[in-house]
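Dropping target21.txt in here (compact mmCIF, N, CA and C atoms):
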# COMPACT_ATOMS: atom_id res chain seq x y z
N MET A 1 -8.47 -0.63 21.20
CA MET A 1 -9.41 -1.70 20.95
C MET A 1 -9.42 -2.03 19.45
N SER A 2 -9.44 -3.28 19.18
CA SER A 2 -9.41 -3.70 17.79
C SER A 2 -10.72 -3.45 17.05
N LEU A 3 -11.71 -2.92 17.75
CA LEU A 3 -12.92 -2.47 17.06
C LEU A 3 -12.58 -1.36 16.08
N SER A 4 -11.45 -0.73 16.29
CA SER A 4 -10.99 0.37 15.42
C SER A 4 -10.10 -0.12 14.28
N ILE A 5 -10.26 -1.35 13.87
CA ILE A 5 -9.40 -1.93 12.82
C ILE A 5 -9.47 -1.12 11.53
N SER A 6 -10.53 -0.38 11.32
CA SER A 6 -10.65 0.42 10.09
C SER A 6 -9.54 1.47 10.00
N LYS A 7 -9.00 1.91 11.14
CA LYS A 7 -7.86 2.84 11.11
C LYS A 7 -6.67 2.19 10.39
N HIS A 8 -6.44 0.94 10.70
CA HIS A 8 -5.34 0.20 10.08
C HIS A 8 -5.59 0.01 8.58
N ILE A 9 -6.79 -0.40 8.23
CA ILE A 9 -7.14 -0.63 6.82
C ILE A 9 -6.94 0.65 6.03
N TYR A 10 -7.51 1.74 6.52
CA TYR A 10 -7.40 3.01 5.81
C TYR A 10 -5.94 3.45 5.68
N ALA A 11 -5.17 3.30 6.76
CA ALA A 11 -3.76 3.71 6.74
C ALA A 11 -2.99 2.94 5.68
N LYS A 12 -3.20 1.65 5.61
CA LYS A 12 -2.45 0.83 4.65
C LYS A 12 -2.90 1.08 3.21
N LEU A 13 -4.20 1.18 2.99
CA LEU A 13 -4.69 1.41 1.63
C LEU A 13 -4.31 2.80 1.12
N SER A 14 -4.46 3.80 1.96
CA SER A 14 -4.18 5.17 1.52
C SER A 14 -2.69 5.44 1.35
N ALA A 15 -1.84 4.58 1.91
CA ALA A 15 -0.39 4.75 1.77
C ALA A 15 0.15 4.16 0.47
N SER A 16 -0.68 3.41 -0.25
CA SER A 16 -0.24 2.75 -1.48
C SER A 16 -0.43 3.68 -2.68
N ASP A 17 0.68 4.16 -3.22
CA ASP A 17 0.60 5.03 -4.40
C ASP A 17 0.04 4.29 -5.60
N SER A 18 0.36 3.02 -5.74
CA SER A 18 -0.17 2.22 -6.85
C SER A 18 -1.69 2.13 -6.79
N LEU A 19 -2.20 1.94 -5.59
CA LEU A 19 -3.65 1.85 -5.39
C LEU A 19 -4.32 3.21 -5.62
N LYS A 20 -3.69 4.27 -5.11
CA LYS A 20 -4.25 5.61 -5.30
C LYS A 20 -4.34 5.99 -6.77
N ALA A 21 -3.45 5.46 -7.60
CA ALA A 21 -3.51 5.74 -9.03
C ALA A 21 -4.83 5.26 -9.64
N PHE A 22 -5.42 4.22 -9.06
CA PHE A 22 -6.70 3.70 -9.55
C PHE A 22 -7.90 4.34 -8.85
N VAL A 23 -7.86 4.40 -7.51
CA VAL A 23 -9.07 4.80 -6.76
C VAL A 23 -9.00 6.20 -6.17
N SER A 24 -7.86 6.86 -6.27
CA SER A 24 -7.70 8.20 -5.69
C SER A 24 -8.06 8.14 -4.20
N ASP A 25 -9.02 8.93 -3.78
CA ASP A 25 -9.43 8.93 -2.37
C ASP A 25 -10.75 8.21 -2.16
N ARG A 26 -11.16 7.37 -3.09
CA ARG A 26 -12.44 6.67 -3.00
C ARG A 26 -12.29 5.39 -2.17
N LEU A 27 -11.96 5.58 -0.90
CA LEU A 27 -11.85 4.52 0.11
C LEU A 27 -12.91 4.79 1.17
N TYR A 28 -13.85 3.86 1.35
CA TYR A 28 -14.99 4.12 2.23
C TYR A 28 -15.15 3.03 3.27
N ALA A 29 -15.42 3.45 4.49
CA ALA A 29 -15.76 2.50 5.55
C ALA A 29 -17.26 2.23 5.48
N ILE A 30 -17.64 1.01 5.30
CA ILE A 30 -18.99 0.48 5.33
C ILE A 30 -19.85 0.89 4.13
N SER A 31 -19.87 2.16 3.76
CA SER A 31 -20.75 2.62 2.69
C SER A 31 -20.13 3.82 1.98
N THR A 32 -20.56 4.05 0.74
CA THR A 32 -20.06 5.21 0.01
C THR A 32 -20.73 6.50 0.44
N LYS A 33 -21.82 6.43 1.20
CA LYS A 33 -22.58 7.58 1.68
C LYS A 33 -23.35 8.29 0.58
N SER A 34 -22.83 8.32 -0.62
CA SER A 34 -23.50 8.96 -1.74
C SER A 34 -22.95 8.36 -3.03
N GLU A 35 -23.44 8.83 -4.15
CA GLU A 35 -22.93 8.33 -5.42
C GLU A 35 -21.45 8.64 -5.56
N THR A 36 -20.74 7.73 -6.19
CA THR A 36 -19.32 7.92 -6.42
C THR A 36 -18.97 7.32 -7.78
N SER A 37 -17.81 7.62 -8.27
CA SER A 37 -17.40 7.07 -9.56
C SER A 37 -16.56 5.81 -9.36
N PHE A 38 -16.47 5.02 -10.42
CA PHE A 38 -15.66 3.79 -10.38
C PHE A 38 -14.21 4.13 -10.64
N PRO A 39 -13.33 3.30 -10.20
CA PRO A 39 -13.49 2.24 -9.21
C PRO A 39 -13.46 2.81 -7.80
N PHE A 40 -13.98 2.04 -6.84
CA PHE A 40 -13.91 2.45 -5.45
C PHE A 40 -13.79 1.22 -4.56
N ILE A 41 -13.44 1.47 -3.29
CA ILE A 41 -13.22 0.40 -2.32
C ILE A 41 -14.07 0.69 -1.08
N ILE A 42 -14.73 -0.36 -0.60
CA ILE A 42 -15.46 -0.30 0.67
C ILE A 42 -14.85 -1.37 1.58
N TYR A 43 -14.65 -1.03 2.84
CA TYR A 43 -14.14 -2.01 3.80
C TYR A 43 -15.01 -1.99 5.04
N LYS A 44 -15.17 -3.17 5.65
CA LYS A 44 -16.00 -3.26 6.86
C LYS A 44 -15.57 -4.44 7.73
N ARG A 45 -15.66 -4.23 9.00
CA ARG A 45 -15.38 -5.31 9.95
C ARG A 45 -16.58 -6.23 9.93
N SER A 46 -16.37 -7.52 9.72
CA SER A 46 -17.48 -8.46 9.65
C SER A 46 -17.53 -9.41 10.84
N ALA A 47 -16.45 -9.49 11.62
CA ALA A 47 -16.45 -10.34 12.81
C ALA A 47 -15.31 -9.94 13.73
N LEU A 48 -15.50 -10.22 15.01
CA LEU A 48 -14.46 -10.02 16.02
C LEU A 48 -14.63 -11.10 17.07
N SER A 49 -13.55 -11.82 17.36
CA SER A 49 -13.58 -12.88 18.35
C SER A 49 -12.49 -12.65 19.38
N PRO A 50 -12.88 -12.33 20.63
CA PRO A 50 -11.86 -12.19 21.68
C PRO A 50 -11.25 -13.55 21.99
N ALA A 51 -9.97 -13.56 22.27
CA ALA A 51 -9.27 -14.81 22.58
C ALA A 51 -8.99 -14.86 24.07
N GLY A 52 -10.01 -14.78 24.88
CA GLY A 52 -9.86 -14.81 26.33
C GLY A 52 -10.05 -16.19 26.90
N SER A 53 -9.93 -16.26 28.19
CA SER A 53 -10.19 -17.52 28.88
C SER A 53 -11.04 -17.21 30.11
N LYS A 54 -11.51 -18.23 30.79
CA LYS A 54 -12.35 -18.00 31.96
C LYS A 54 -11.55 -17.38 33.11
N ASP A 55 -10.23 -17.50 33.04
CA ASP A 55 -9.38 -16.98 34.12
C ASP A 55 -8.85 -15.59 33.85
N ARG A 56 -8.96 -15.13 32.62
CA ARG A 56 -8.30 -13.88 32.27
C ARG A 56 -9.08 -13.12 31.20
N GLU A 57 -9.07 -11.82 31.30
CA GLU A 57 -9.70 -10.98 30.29
C GLU A 57 -8.90 -11.05 29.00
N SER A 58 -9.59 -10.98 27.88
CA SER A 58 -8.94 -11.07 26.58
C SER A 58 -8.07 -9.85 26.30
N VAL A 59 -6.87 -10.09 25.81
CA VAL A 59 -6.01 -9.01 25.35
C VAL A 59 -5.73 -9.16 23.85
N THR A 60 -6.12 -10.30 23.30
CA THR A 60 -5.90 -10.58 21.88
C THR A 60 -7.25 -10.81 21.22
N ASP A 61 -7.41 -10.24 20.01
CA ASP A 61 -8.63 -10.44 19.24
C ASP A 61 -8.28 -10.97 17.86
N SER A 62 -9.19 -11.75 17.31
CA SER A 62 -9.16 -12.10 15.89
C SER A 62 -10.25 -11.28 15.23
N VAL A 63 -9.88 -10.52 14.23
CA VAL A 63 -10.81 -9.63 13.56
C VAL A 63 -10.88 -9.99 12.09
N THR A 64 -12.07 -10.07 11.56
CA THR A 64 -12.28 -10.36 10.15
C THR A 64 -12.80 -9.10 9.47
N VAL A 65 -12.20 -8.77 8.33
CA VAL A 65 -12.56 -7.58 7.58
C VAL A 65 -12.78 -7.96 6.13
N ASP A 66 -13.87 -7.47 5.56
CA ASP A 66 -14.12 -7.62 4.13
C ASP A 66 -13.73 -6.33 3.43
N VAL A 67 -12.98 -6.47 2.34
CA VAL A 67 -12.62 -5.34 1.50
C VAL A 67 -13.25 -5.61 0.13
N ILE A 68 -14.10 -4.69 -0.31
CA ILE A 68 -14.86 -4.86 -1.54
C ILE A 68 -14.40 -3.84 -2.56
N ILE A 69 -14.03 -4.34 -3.73
CA ILE A 69 -13.63 -3.47 -4.84
C ILE A 69 -14.77 -3.50 -5.85
N ALA A 70 -15.22 -2.33 -6.26
CA ALA A 70 -16.29 -2.23 -7.25
C ALA A 70 -15.78 -1.45 -8.45
N ASP A 71 -16.03 -2.01 -9.65
CA ASP A 71 -15.58 -1.35 -10.87
C ASP A 71 -16.44 -1.80 -12.04
N GLU A 72 -16.43 -1.02 -13.09
CA GLU A 72 -17.17 -1.37 -14.30
C GLU A 72 -16.34 -2.24 -15.24
N ASP A 73 -15.06 -2.41 -14.94
CA ASP A 73 -14.16 -3.21 -15.76
C ASP A 73 -13.64 -4.40 -14.94
N HIS A 74 -13.90 -5.62 -15.41
CA HIS A 74 -13.53 -6.81 -14.66
C HIS A 74 -12.03 -6.91 -14.41
N PHE A 75 -11.24 -6.78 -15.48
CA PHE A 75 -9.79 -6.96 -15.33
C PHE A 75 -9.18 -5.91 -14.42
N ARG A 76 -9.68 -4.68 -14.49
CA ARG A 76 -9.17 -3.64 -13.60
C ARG A 76 -9.56 -3.94 -12.15
N SER A 77 -10.77 -4.47 -11.93
CA SER A 77 -11.18 -4.81 -10.56
C SER A 77 -10.27 -5.87 -9.95
N VAL A 78 -9.84 -6.82 -10.77
CA VAL A 78 -8.92 -7.87 -10.29
C VAL A 78 -7.55 -7.26 -10.01
N GLU A 79 -7.10 -6.38 -10.86
CA GLU A 79 -5.80 -5.72 -10.65
C GLU A 79 -5.81 -4.90 -9.36
N ILE A 80 -6.90 -4.20 -9.10
CA ILE A 80 -7.03 -3.43 -7.86
C ILE A 80 -7.06 -4.37 -6.66
N ALA A 81 -7.76 -5.49 -6.79
CA ALA A 81 -7.80 -6.47 -5.70
C ALA A 81 -6.40 -6.98 -5.35
N GLU A 82 -5.58 -7.21 -6.37
CA GLU A 82 -4.19 -7.62 -6.12
C GLU A 82 -3.41 -6.55 -5.37
N LEU A 83 -3.64 -5.29 -5.72
CA LEU A 83 -2.96 -4.19 -5.03
C LEU A 83 -3.44 -4.06 -3.58
N VAL A 84 -4.74 -4.28 -3.36
CA VAL A 84 -5.28 -4.25 -2.00
C VAL A 84 -4.62 -5.35 -1.17
N ARG A 85 -4.54 -6.53 -1.74
CA ARG A 85 -3.91 -7.64 -1.01
C ARG A 85 -2.47 -7.30 -0.64
N SER A 86 -1.73 -6.74 -1.59
CA SER A 86 -0.33 -6.37 -1.31
C SER A 86 -0.23 -5.29 -0.24
N ALA A 87 -1.19 -4.38 -0.20
CA ALA A 87 -1.15 -3.28 0.76
C ALA A 87 -1.49 -3.72 2.18
N ILE A 88 -2.25 -4.81 2.31
CA ILE A 88 -2.76 -5.21 3.63
C ILE A 88 -2.12 -6.48 4.18
N GLU A 89 -2.01 -7.50 3.35
CA GLU A 89 -1.59 -8.81 3.86
C GLU A 89 -0.18 -8.76 4.44
N GLY A 90 -0.05 -9.29 5.65
CA GLY A 90 1.24 -9.35 6.32
C GLY A 90 1.70 -8.05 6.94
N LYS A 91 0.91 -6.99 6.83
CA LYS A 91 1.32 -5.68 7.34
C LYS A 91 0.90 -5.52 8.81
N ARG A 92 1.83 -5.04 9.59
CA ARG A 92 1.59 -4.78 11.01
C ARG A 92 1.33 -3.30 11.22
N GLY A 93 0.88 -2.95 12.41
CA GLY A 93 0.67 -1.55 12.73
C GLY A 93 0.50 -1.33 14.21
N LYS A 94 0.91 -0.16 14.69
CA LYS A 94 0.75 0.23 16.10
C LYS A 94 -0.11 1.48 16.14
N TYR A 95 -1.14 1.42 16.98
CA TYR A 95 -2.08 2.52 17.12
C TYR A 95 -2.27 2.83 18.59
N ASP A 96 -2.96 3.90 18.90
CA ASP A 96 -3.12 4.32 20.30
C ASP A 96 -3.73 3.23 21.18
N THR A 97 -4.73 2.53 20.68
CA THR A 97 -5.45 1.59 21.53
C THR A 97 -5.30 0.12 21.16
N PHE A 98 -4.56 -0.18 20.08
CA PHE A 98 -4.36 -1.58 19.68
C PHE A 98 -3.17 -1.69 18.74
N ASP A 99 -2.68 -2.91 18.59
CA ASP A 99 -1.62 -3.23 17.64
C ASP A 99 -2.12 -4.33 16.71
N VAL A 100 -1.74 -4.25 15.45
CA VAL A 100 -2.01 -5.32 14.50
C VAL A 100 -0.74 -6.15 14.40
N ASN A 101 -0.84 -7.42 14.77
CA ASN A 101 0.31 -8.31 14.79
C ASN A 101 0.44 -9.18 13.55
N ASP A 102 -0.68 -9.45 12.90
CA ASP A 102 -0.64 -10.30 11.72
C ASP A 102 -1.89 -10.09 10.89
N CYS A 103 -1.79 -10.36 9.60
CA CYS A 103 -2.94 -10.26 8.70
C CYS A 103 -2.73 -11.24 7.55
N ARG A 104 -3.76 -12.02 7.28
CA ARG A 104 -3.72 -12.98 6.18
C ARG A 104 -5.02 -12.93 5.39
N LEU A 105 -4.90 -13.09 4.09
CA LEU A 105 -6.09 -13.25 3.26
C LEU A 105 -6.69 -14.61 3.56
N SER A 106 -7.97 -14.65 3.93
CA SER A 106 -8.59 -15.92 4.29
C SER A 106 -9.61 -16.39 3.25
N ALA A 107 -10.08 -15.48 2.40
CA ALA A 107 -11.04 -15.87 1.35
C ALA A 107 -11.13 -14.76 0.32
N ALA A 108 -11.60 -15.14 -0.86
CA ALA A 108 -11.84 -14.16 -1.93
C ALA A 108 -12.93 -14.70 -2.83
N ASP A 109 -13.78 -13.80 -3.29
CA ASP A 109 -14.79 -14.19 -4.27
C ASP A 109 -15.10 -13.00 -5.16
N GLU A 110 -15.81 -13.27 -6.24
CA GLU A 110 -16.18 -12.19 -7.15
C GLU A 110 -17.62 -12.37 -7.59
N ASP A 111 -18.20 -11.25 -8.05
CA ASP A 111 -19.60 -11.27 -8.44
C ASP A 111 -19.82 -10.18 -9.49
N PHE A 112 -21.00 -10.19 -10.07
CA PHE A 112 -21.40 -9.15 -11.01
C PHE A 112 -22.81 -8.74 -10.63
N ILE A 113 -22.95 -7.52 -10.14
CA ILE A 113 -24.23 -7.02 -9.64
C ILE A 113 -24.50 -5.65 -10.25
N GLU A 114 -25.66 -5.51 -10.88
CA GLU A 114 -26.08 -4.23 -11.45
C GLU A 114 -24.99 -3.56 -12.29
N ASP A 115 -24.48 -4.28 -13.27
CA ASP A 115 -23.45 -3.78 -14.18
C ASP A 115 -22.13 -3.42 -13.49
N THR A 116 -21.88 -4.03 -12.34
CA THR A 116 -20.67 -3.74 -11.57
C THR A 116 -19.96 -5.05 -11.23
N PHE A 117 -18.67 -5.07 -11.50
CA PHE A 117 -17.84 -6.21 -11.10
C PHE A 117 -17.40 -5.99 -9.65
N ILE A 118 -17.60 -7.00 -8.84
CA ILE A 118 -17.29 -6.94 -7.41
C ILE A 118 -16.21 -7.97 -7.09
N GLN A 119 -15.16 -7.52 -6.44
CA GLN A 119 -14.12 -8.40 -5.89
C GLN A 119 -14.20 -8.24 -4.37
N ARG A 120 -14.41 -9.35 -3.65
CA ARG A 120 -14.47 -9.29 -2.19
C ARG A 120 -13.32 -10.10 -1.62
N LEU A 121 -12.47 -9.42 -0.85
CA LEU A 121 -11.35 -10.06 -0.18
C LEU A 121 -11.64 -10.07 1.32
N THR A 122 -11.47 -11.21 1.96
CA THR A 122 -11.69 -11.33 3.39
C THR A 122 -10.34 -11.55 4.06
N PHE A 123 -10.04 -10.67 5.01
CA PHE A 123 -8.77 -10.72 5.73
C PHE A 123 -9.01 -11.07 7.19
N SER A 124 -8.09 -11.84 7.75
CA SER A 124 -8.13 -12.18 9.18
C SER A 124 -6.94 -11.50 9.85
N PHE A 125 -7.24 -10.72 10.89
CA PHE A 125 -6.24 -9.98 11.63
C PHE A 125 -6.10 -10.54 13.04
N GLU A 126 -4.87 -10.52 13.55
CA GLU A 126 -4.62 -10.82 14.96
C GLU A 126 -4.17 -9.51 15.60
N THR A 127 -4.87 -9.09 16.64
CA THR A 127 -4.59 -7.81 17.28
C THR A 127 -4.44 -7.98 18.80
N ASP A 128 -3.80 -7.00 19.39
CA ASP A 128 -3.81 -6.92 20.87
C ASP A 128 -3.69 -5.48 21.28
For the structure just supplied, provide its representation as structure tokens.
Amino acid sequence: MSLSISKHIYAKLSASDSLKAFVSDRLYAISTKSETSFPFIIYKRSALSPAGSKDRESVTDSVTVDVIIADEDHFRSVEIAELVRSAIEGKRGKYDTFDVNDCRLSAADEDFIEDTFIQRLTFSFETD
């Protein structure tokens, strides 16, 4: 089931040596759970749309995932965002209960909250 898209996100991000050089193992699903040091990445599924019809059960889903990079340095946060994009966009994957067939960056924005630079990348996945 593509509800488990976080398996794919974690697999792709943790496989990037370039990304690990910046964030080490600070990759979190939904929340950091506790205090952590900069920089870090949070990822979360923000939408899922089954592509079914009235005649047939859905076997394909469109899944939207937000990946958030938080850092105290603006330029480094942008550099990490570029590495995240390279690690995820266009990457496929096969898992026990679903396959990722395509992934595209659909939006990006940035913010500054509580002395922290935030880069938010939104990815759209096609799964079955």
- Pick from A:Thr64, A:Thr122, A:Ser2, A:Ser14 nearest to Asp99 of chain A, counting all atoms listed in the file: A:Ser2
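Of note, atom C of Thr60 of chain A and atom CA of Lys12 of chain A are spaced 20.8 Å apart.
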- Taking the backbone alone, and naming residues the way the document does, which bits of segment 3-125 of chain A are strand (DSSP E or B) by DSSP, as a VMD selection string? chain A and resid 27 to 29 40 to 50 53 56 61 to 71 93 to 94 99 to 113 116 to 125
- Give me every alpha helix (DSSP H) residue in chain A, going by DSSP on the backbone, as number ranges by chain. A: 5-14, 17-23, 74-88
Atoms kept (N, CA and C atoms) for selection, written as a CSV table (one decimal), keeping the file's coordinate frame:
chain,number,residue,atom,x,y,z
A,5,ILE,N,-10.3,-1.4,13.9
A,5,ILE,CA,-9.4,-1.9,12.8
A,5,ILE,C,-9.5,-1.1,11.5
A,6,SER,N,-10.5,-0.4,11.3
A,6,SER,CA,-10.6,0.4,10.1
A,6,SER,C,-9.5,1.5,10.0
A,7,LYS,N,-9.0,1.9,11.1
A,7,LYS,CA,-7.9,2.8,11.1
A,7,LYS,C,-6.7,2.2,10.4
A,8,HIS,N,-6.4,0.9,10.7
A,8,HIS,CA,-5.3,0.2,10.1
A,8,HIS,C,-5.6,0.0,8.6
A,9,ILE,N,-6.8,-0.4,8.2
A,9,ILE,CA,-7.1,-0.6,6.8
A,9,ILE,C,-6.9,0.6,6.0
A,10,TYR,N,-7.5,1.7,6.5
A,10,TYR,CA,-7.4,3.0,5.8
A,10,TYR,C,-5.9,3.4,5.7
A,11,ALA,N,-5.2,3.3,6.8
A,11,ALA,CA,-3.8,3.7,6.7
A,11,ALA,C,-3.0,2.9,5.7
A,12,LYS,N,-3.2,1.6,5.6
A,12,LYS,CA,-2.4,0.8,4.6
A,12,LYS,C,-2.9,1.1,3.2
A,13,LEU,N,-4.2,1.2,3.0
A,13,LEU,CA,-4.7,1.4,1.6
A,13,LEU,C,-4.3,2.8,1.1
A,14,SER,N,-4.5,3.8,2.0
A,14,SER,CA,-4.2,5.2,1.5
A,14,SER,C,-2.7,5.4,1.4
A,17,ASP,N,0.7,4.2,-3.2
A,17,ASP,CA,0.6,5.0,-4.4
A,17,ASP,C,0.0,4.3,-5.6
A,18,SER,N,0.4,3.0,-5.7
A,18,SER,CA,-0.2,2.2,-6.8
A,18,SER,C,-1.7,2.1,-6.8
A,19,LEU,N,-2.2,1.9,-5.6
A,19,LEU,CA,-3.6,1.8,-5.4
A,19,LEU,C,-4.3,3.2,-5.6
A,20,LYS,N,-3.7,4.3,-5.1
A,20,LYS,CA,-4.2,5.6,-5.3
A,20,LYS,C,-4.3,6.0,-6.8
A,21,ALA,N,-3.4,5.5,-7.6
A,21,ALA,CA,-3.5,5.7,-9.0
A,21,ALA,C,-4.8,5.3,-9.6
A,22,PHE,N,-5.4,4.2,-9.1
A,22,PHE,CA,-6.7,3.7,-9.6
A,22,PHE,C,-7.9,4.3,-8.8
A,23,VAL,N,-7.9,4.4,-7.5
A,23,VAL,CA,-9.1,4.8,-6.8
A,23,VAL,C,-9.0,6.2,-6.2
A,74,HIS,N,-13.9,-5.6,-15.4
A,74,HIS,CA,-13.5,-6.8,-14.7
A,74,HIS,C,-12.0,-6.9,-14.4
A,75,PHE,N,-11.2,-6.8,-15.5
A,75,PHE,CA,-9.8,-7.0,-15.3
A,75,PHE,C,-9.2,-5.9,-14.4
A,76,ARG,N,-9.7,-4.7,-14.5
A,76,ARG,CA,-9.2,-3.6,-13.6
A,76,ARG,C,-9.6,-3.9,-12.2
A,77,SER,N,-10.8,-4.5,-11.9
A,77,SER,CA,-11.2,-4.8,-10.6
A,77,SER,C,-10.3,-5.9,-10.0
A,78,VAL,N,-9.8,-6.8,-10.8
A,78,VAL,CA,-8.9,-7.9,-10.3
A,78,VAL,C,-7.6,-7.3,-10.0
A,79,GLU,N,-7.1,-6.4,-10.9
A,79,GLU,CA,-5.8,-5.7,-10.6
A,79,GLU,C,-5.8,-4.9,-9.4
A,80,ILE,N,-6.9,-4.2,-9.1
A,80,ILE,CA,-7.0,-3.4,-7.9
A,80,ILE,C,-7.1,-4.4,-6.7
A,81,ALA,N,-7.8,-5.5,-6.8
A,81,ALA,CA,-7.8,-6.5,-5.7
A,81,ALA,C,-6.4,-7.0,-5.4
A,82,GLU,N,-5.6,-7.2,-6.4
A,82,GLU,CA,-4.2,-7.6,-6.1
A,82,GLU,C,-3.4,-6.6,-5.4
A,83,LEU,N,-3.6,-5.3,-5.7
A,83,LEU,CA,-3.0,-4.2,-5.0
A,83,LEU,C,-3.4,-4.1,-3.6
A,84,VAL,N,-4.7,-4.3,-3.4
A,84,VAL,CA,-5.3,-4.2,-2.0
A,84,VAL,C,-4.6,-5.4,-1.2
A,85,ARG,N,-4.5,-6.5,-1.7
A,85,ARG,CA,-3.9,-7.6,-1.0
A,85,ARG,C,-2.5,-7.3,-0.6
A,86,SER,N,-1.7,-6.7,-1.6
A,86,SER,CA,-0.3,-6.4,-1.3
A,86,SER,C,-0.2,-5.3,-0.2
A,87,ALA,N,-1.2,-4.4,-0.2
A,87,ALA,CA,-1.2,-3.3,0.8
A,87,ALA,C,-1.5,-3.7,2.2
A,88,ILE,N,-2.2,-4.8,2.3
A,88,ILE,CA,-2.8,-5.2,3.6
A,88,ILE,C,-2.1,-6.5,4.2
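Computed from the coordinates, the atom CA of Arg92 of chain A to atom C of Ala107 of chain A distance equals 19.4 Å.
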- What is the distance, in Å and to one decimal place, between atom CA of Ala81 of chain A and atom CA of Pro39 of chain A? 11.0 Å
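With distances restricted to only C-alpha atoms, A:Ala87 is the closest residue to Ala15 of chain A from A:Ser31, A:Asp111, A:Ala87, A:Ser46.
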Nearby residues (only N, CA and C atoms) at most 6.5 Å from Asp109 of chain A, same-chain spacing under 3 positions excluded, as a tab-separated table (two decimals) with N, CA and C atoms, keeping the file's coordinate frame:
chain	number	residue	atom	x	y	z
A	118	ILE	N	-17.60	-7.00	-8.84
A	118	ILE	CA	-17.29	-6.94	-7.41
A	118	ILE	C	-16.21	-7.97	-7.09
A	119	GLN	N	-15.16	-7.52	-6.44
A	119	GLN	CA	-14.12	-8.40	-5.89
A	119	GLN	C	-14.20	-8.24	-4.37
A	120	ARG	N	-14.41	-9.35	-3.65
A	120	ARG	CA	-14.47	-9.29	-2.19
A	120	ARG	C	-13.32	-10.10	-1.62
A	121	LEU	N	-12.47	-9.42	-0.85
A	121	LEU	CA	-11.35	-10.06	-0.18
A	121	LEU	C	-11.64	-10.07	1.32
A	122	THR	N	-11.47	-11.21	1.96
A	122	THR	CA	-11.69	-11.33	3.39
A	122	THR	C	-10.34	-11.55	4.06
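Of the listed residues A:Ala70, A:Ala21, A:Val84, A:Val63, the one whose atoms come nearest to Ser124 of chain A is A:Val63, with distances taken using only C-alpha atoms.
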- Message: Ranking A:Tyr95, A:Asp115, A:Leu27, A:Glu110 by minimum distance to Leu13 of chain A and counting all atoms listed in the file, which one comes first?
- Response: A:Leu27
- Exercise: Leu3 of chain A partners within 8 Å, only N, CA and C atoms, chain neighbours under 4 positions left out, as a list of chain:residue names: A:Lys7, A:Arg45, A:Leu48, A:Val63, A:Thr97, A:Phe98
